[in-house]
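Enquirer: Structure below; questions to follow.
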Amino acid sequence: MRTTETVAIVVLFMALLAWSADAAAPAESARSEAAIARVTPKLQRALAKKKLELGAPILIRIFKETKELEVWVSAANRRYLLFKTYPICTYSGGLGPKLRTGDWQAPEGFYQVAAARMNPHSKFHLSFDLGYPNAYDRAWQRTGSALMVHGSCVSIGCYAMGDSGIEEIYTLAEAALRQGQPAFDVHVFPFRLTDEALASYKTHHWYNFWKELKRGYDAFEKTRIPPAITVRDKHYVIRP
């Protein structure tokens with residue numbers, strides 16, 4: 001191969017690497033940069049007390065009934081530790097999954113958020129898109145779009161965290177993605193799916209759906225490592 005061809009291939013390869021890195025990085029705005037700068041020192045101090053680092057992989061769990069959002073952070077042994085529980089300011093609808101556009105229902109299920117779903121230009125301060133409908137939702141012909149976790153305290157199907165809450169959550173997520181986590185998991189449950197809690201809903205319309213979610217809940221409770229979750233034949237497949 002001629003030297004000029006070799007140089008051209010190397011230049012193209014380096015350009016592709018640079019493009020790939022840029023594509024994987026979350027977008028920025030003056031608002032997001034200011035928020036991140038504002039809360040980073042506080043977060044770093046709080047993380048250090050638990051021997052955790054800003055930029056480590058994260059997992060988010062949402063519980064509708066108690067209006068809580070948990071942020072878990074990967075520790076040195078790969079197990080995740082609960083960093084902080086944030087109060088959900090509001091969400092719309094009740095217990096149960098979102099089914100269709102306009103039902104004002106907030107989703108339940110297993111979602112993943114990559115860098116492209118982060119929105120530093122949100123109308124509700126800062127936000128990220130859950131990725132509804134996921135493969136499971138689509139298999140059941142559920143419809144809807146732009147289901148977010150965002151700031152402010154209004155909702156038409158989203159989880160509103162208030163501006164101060166979303167600034168910290170967004171910063172933790174942005175740092176994890178920027179440091180190389182391809183996407184972070186968001187597990188959305190109606191309530192804490194213990195055996196006792198689920199048994200009390202045995203006659204509920206969504207009992208069988210919640211039993212399916214419980215497998216993912218139990219897998220993380222047992223290992224403190226996010227399970228691999230796929231969809232086959234209209235059902236979630238959980239692999240620890």
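Order determines the names: the first chain of the structure tokens is A, the second B, and so forth; residues in each chain are numbered 1 upward, and ligands are numbered 1 upward as they are shown.
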Return as a ChimeraX atom specification the full set of residues in region 5-239 of chain A whose backbone-based DSSP assignment is strand (DSSP E or B).
Expert: /A:58-63,68-74,80-87,90-91,109-114,118-119,127-129,148-150,159-160,183-189,228-232,235-239
Enquirer: The selected residues should be written to file as a PDB file, in the first residue's frame (atoms: C-alpha atoms).
Expert:
ATOM      1  CA  ILE A  58     -25.408   4.949  37.704  1.00  0.00           C
ATOM      2  CA  LEU A  59     -28.801   3.261  37.933  1.00  0.00           C
ATOM      3  CA  ILE A  60     -32.068   5.070  38.619  1.00  0.00           C
ATOM      4  CA  ARG A  61     -35.127   3.494  40.230  1.00  0.00           C
ATOM      5  CA  ILE A  62     -38.515   5.216  40.421  1.00  0.00           C
ATOM      6  CA  PHE A  63     -41.355   4.244  42.778  1.00  0.00           C
ATOM      7  CA  GLU A  68     -39.360   8.536  45.173  1.00  0.00           C
ATOM      8  CA  LEU A  69     -36.474   8.484  42.712  1.00  0.00           C
ATOM      9  CA  GLU A  70     -33.325   6.649  43.785  1.00  0.00           C
ATOM     10  CA  VAL A  71     -29.878   7.179  42.272  1.00  0.00           C
ATOM     11  CA  TRP A  72     -27.522   4.231  42.686  1.00  0.00           C
ATOM     12  CA  VAL A  73     -23.811   4.562  41.876  1.00  0.00           C
ATOM     13  CA  SER A  74     -21.331   1.828  40.987  1.00  0.00           C
ATOM     14  CA  TYR A  80     -24.110  -0.381  43.196  1.00  0.00           C
ATOM     15  CA  LEU A  81     -24.682   1.629  46.361  1.00  0.00           C
ATOM     16  CA  LEU A  82     -27.680   3.871  47.015  1.00  0.00           C
ATOM     17  CA  PHE A  83     -26.356   7.406  46.797  1.00  0.00           C
ATOM     18  CA  LYS A  84     -29.503   9.471  47.327  1.00  0.00           C
ATOM     19  CA  THR A  85     -33.291   9.307  47.242  1.00  0.00           C
ATOM     20  CA  TYR A  86     -35.012  12.320  45.683  1.00  0.00           C
ATOM     21  CA  PRO A  87     -38.686  13.197  46.221  1.00  0.00           C
ATOM     22  CA  THR A  90     -45.365  15.203  40.819  1.00  0.00           C
ATOM     23  CA  TYR A  91     -46.309  12.720  38.132  1.00  0.00           C
ATOM     24  CA  GLY A 109     -41.013  -0.739  33.073  1.00  0.00           C
ATOM     25  CA  PHE A 110     -37.324  -0.955  32.226  1.00  0.00           C
ATOM     26  CA  TYR A 111     -35.754   1.840  30.203  1.00  0.00           C
ATOM     27  CA  GLN A 112     -32.287   2.937  29.101  1.00  0.00           C
ATOM     28  CA  VAL A 113     -31.030   6.472  28.611  1.00  0.00           C
ATOM     29  CA  ALA A 114     -28.085   7.137  26.285  1.00  0.00           C
ATOM     30  CA  MET A 118     -30.263  14.029  27.521  1.00  0.00           C
ATOM     31  CA  ASN A 119     -31.901  17.426  26.949  1.00  0.00           C
ATOM     32  CA  SER A 127     -34.495  16.654  31.372  1.00  0.00           C
ATOM     33  CA  PHE A 128     -33.819  13.251  29.908  1.00  0.00           C
ATOM     34  CA  ASP A 129     -36.120  11.079  27.807  1.00  0.00           C
ATOM     35  CA  MET A 148     -39.302  12.571  30.560  1.00  0.00           C
ATOM     36  CA  VAL A 149     -37.716  12.965  33.930  1.00  0.00           C
ATOM     37  CA  HIS A 150     -37.448  16.744  34.189  1.00  0.00           C
ATOM     38  CA  TYR A 159     -41.765  12.560  36.330  1.00  0.00           C
ATOM     39  CA  ALA A 160     -41.198  16.124  37.552  1.00  0.00           C
ATOM     40  CA  ALA A 183     -26.505   4.207  28.750  1.00  0.00           C
ATOM     41  CA  PHE A 184     -27.898   4.152  32.264  1.00  0.00           C
ATOM     42  CA  ASP A 185     -30.856   2.023  33.301  1.00  0.00           C
ATOM     43  CA  VAL A 186     -34.063   3.510  34.680  1.00  0.00           C
ATOM     44  CA  HIS A 187     -36.325   0.976  36.411  1.00  0.00           C
ATOM     45  CA  VAL A 188     -39.821   2.347  37.004  1.00  0.00           C
ATOM     46  CA  PHE A 189     -42.040   0.469  39.467  1.00  0.00           C
ATOM     47  CA  ALA A 228     -29.404  -7.501  31.563  1.00  0.00           C
ATOM     48  CA  ILE A 229     -32.978  -7.008  30.389  1.00  0.00           C
ATOM     49  CA  THR A 230     -34.282  -7.881  26.934  1.00  0.00           C
ATOM     50  CA  VAL A 231     -37.710  -8.564  25.421  1.00  0.00           C
ATOM     51  CA  ARG A 232     -38.840 -11.806  23.816  1.00  0.00           C
ATOM     52  CA  HIS A 235     -42.228 -10.492  27.846  1.00  0.00           C
ATOM     53  CA  TYR A 236     -39.222  -9.116  29.707  1.00  0.00           C
ATOM     54  CA  VAL A 237     -36.289 -11.520  29.928  1.00  0.00           C
ATOM     55  CA  ILE A 238     -34.116 -10.924  33.007  1.00  0.00           C
ATOM     56  CA  ARG A 239     -30.525 -12.147  33.043  1.00  0.00           C
TER      57      ARG A 239
END
Enquirer: Taking the chain letters and numbering used in this document, name the residues of region 123-230 of chain A that DSSP puts in alpha helix (DSSP H), as a PDB file with C-alpha atoms, in the first residue's frame.
Expert:
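As written to disk, part21.pdb reads:
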ATOM      1  CA  ALA A 135     -39.339  -2.858  22.926  1.00  0.00           C
ATOM      2  CA  TYR A 136     -41.822  -4.267  25.451  1.00  0.00           C
ATOM      3  CA  ASP A 137     -44.198  -1.321  25.042  1.00  0.00           C
ATOM      4  CA  ARG A 138     -44.032  -1.575  21.262  1.00  0.00           C
ATOM      5  CA  ALA A 139     -44.726  -5.325  21.398  1.00  0.00           C
ATOM      6  CA  ASP A 163     -35.352  22.271  39.395  1.00  0.00           C
ATOM      7  CA  SER A 164     -32.967  21.627  42.297  1.00  0.00           C
ATOM      8  CA  GLY A 165     -33.589  17.892  42.152  1.00  0.00           C
ATOM      9  CA  ILE A 166     -33.107  17.554  38.406  1.00  0.00           C
ATOM     10  CA  GLU A 167     -29.874  19.552  38.536  1.00  0.00           C
ATOM     11  CA  GLU A 168     -28.258  16.931  40.775  1.00  0.00           C
ATOM     12  CA  ILE A 169     -29.763  13.956  38.932  1.00  0.00           C
ATOM     13  CA  TYR A 170     -28.806  15.404  35.546  1.00  0.00           C
ATOM     14  CA  THR A 171     -25.245  16.065  36.721  1.00  0.00           C
ATOM     15  CA  LEU A 172     -24.810  12.504  37.981  1.00  0.00           C
ATOM     16  CA  ALA A 173     -26.186  11.114  34.716  1.00  0.00           C
ATOM     17  CA  GLU A 174     -24.210  13.471  32.487  1.00  0.00           C
ATOM     18  CA  ALA A 175     -20.953  12.631  34.269  1.00  0.00           C
ATOM     19  CA  ALA A 176     -21.564   8.880  33.994  1.00  0.00           C
ATOM     20  CA  LEU A 177     -22.277   9.126  30.262  1.00  0.00           C
ATOM     21  CA  ARG A 178     -19.311  11.404  29.658  1.00  0.00           C
ATOM     22  CA  ASP A 195     -43.568 -10.354  48.140  1.00  0.00           C
ATOM     23  CA  GLU A 196     -45.880  -8.845  50.744  1.00  0.00           C
ATOM     24  CA  ALA A 197     -46.582  -5.645  48.814  1.00  0.00           C
ATOM     25  CA  LEU A 198     -47.343  -7.475  45.567  1.00  0.00           C
ATOM     26  CA  ALA A 199     -49.574 -10.016  47.324  1.00  0.00           C
ATOM     27  CA  TYR A 207     -50.953  -7.835  38.916  1.00  0.00           C
ATOM     28  CA  ASN A 208     -49.437 -10.080  36.216  1.00  0.00           C
ATOM     29  CA  PHE A 209     -47.544  -7.159  34.672  1.00  0.00           C
ATOM     30  CA  TRP A 210     -46.140  -6.239  38.073  1.00  0.00           C
ATOM     31  CA  LYS A 211     -45.134  -9.861  38.656  1.00  0.00           C
ATOM     32  CA  GLU A 212     -43.059  -9.553  35.496  1.00  0.00           C
ATOM     33  CA  LEU A 213     -41.443  -6.339  36.724  1.00  0.00           C
ATOM     34  CA  LYS A 214     -40.729  -8.033  40.052  1.00  0.00           C
ATOM     35  CA  ARG A 215     -38.192 -10.346  38.416  1.00  0.00           C
ATOM     36  CA  GLY A 216     -36.075  -7.337  37.514  1.00  0.00           C
ATOM     37  CA  TYR A 217     -36.649  -5.798  40.925  1.00  0.00           C
ATOM     38  CA  ASP A 218     -35.575  -8.992  42.694  1.00  0.00           C
ATOM     39  CA  ALA A 219     -32.493  -9.475  40.496  1.00  0.00           C
ATOM     40  CA  PHE A 220     -31.106  -6.079  41.469  1.00  0.00           C
ATOM     41  CA  GLU A 221     -32.118  -6.453  45.115  1.00  0.00           C
ATOM     42  CA  LYS A 222     -30.165  -9.718  45.257  1.00  0.00           C
ATOM     43  CA  THR A 223     -26.954  -8.711  43.483  1.00  0.00           C
TER      44      THR A 223
END
Enquirer: Counting only C-alpha atoms, which residue out of A:Arg79, A:Lys67, A:Lys50, A:Arg117 sits closest to Gly94 (chain A)?
Expert: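 For Gly94 (chain A), the nearest of the candidates is A:Lys67.
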Enquirer: Using CA of Ala48 (chain A) and CA of Thr66 (chain A) as the two end points, give the distance in Å to one decimal.
Expert: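 According to the coordinates, CA of Ala48 (chain A) and CA of Thr66 (chain A) are separated by 27.7 Å.
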Enquirer: From the options A:Gly144, A:Gly162, A:Pro226, A:Gly96, which residue's atoms come nearest to Pro190 (chain A), counting only C-alpha atoms?
Expert: A:Gly96
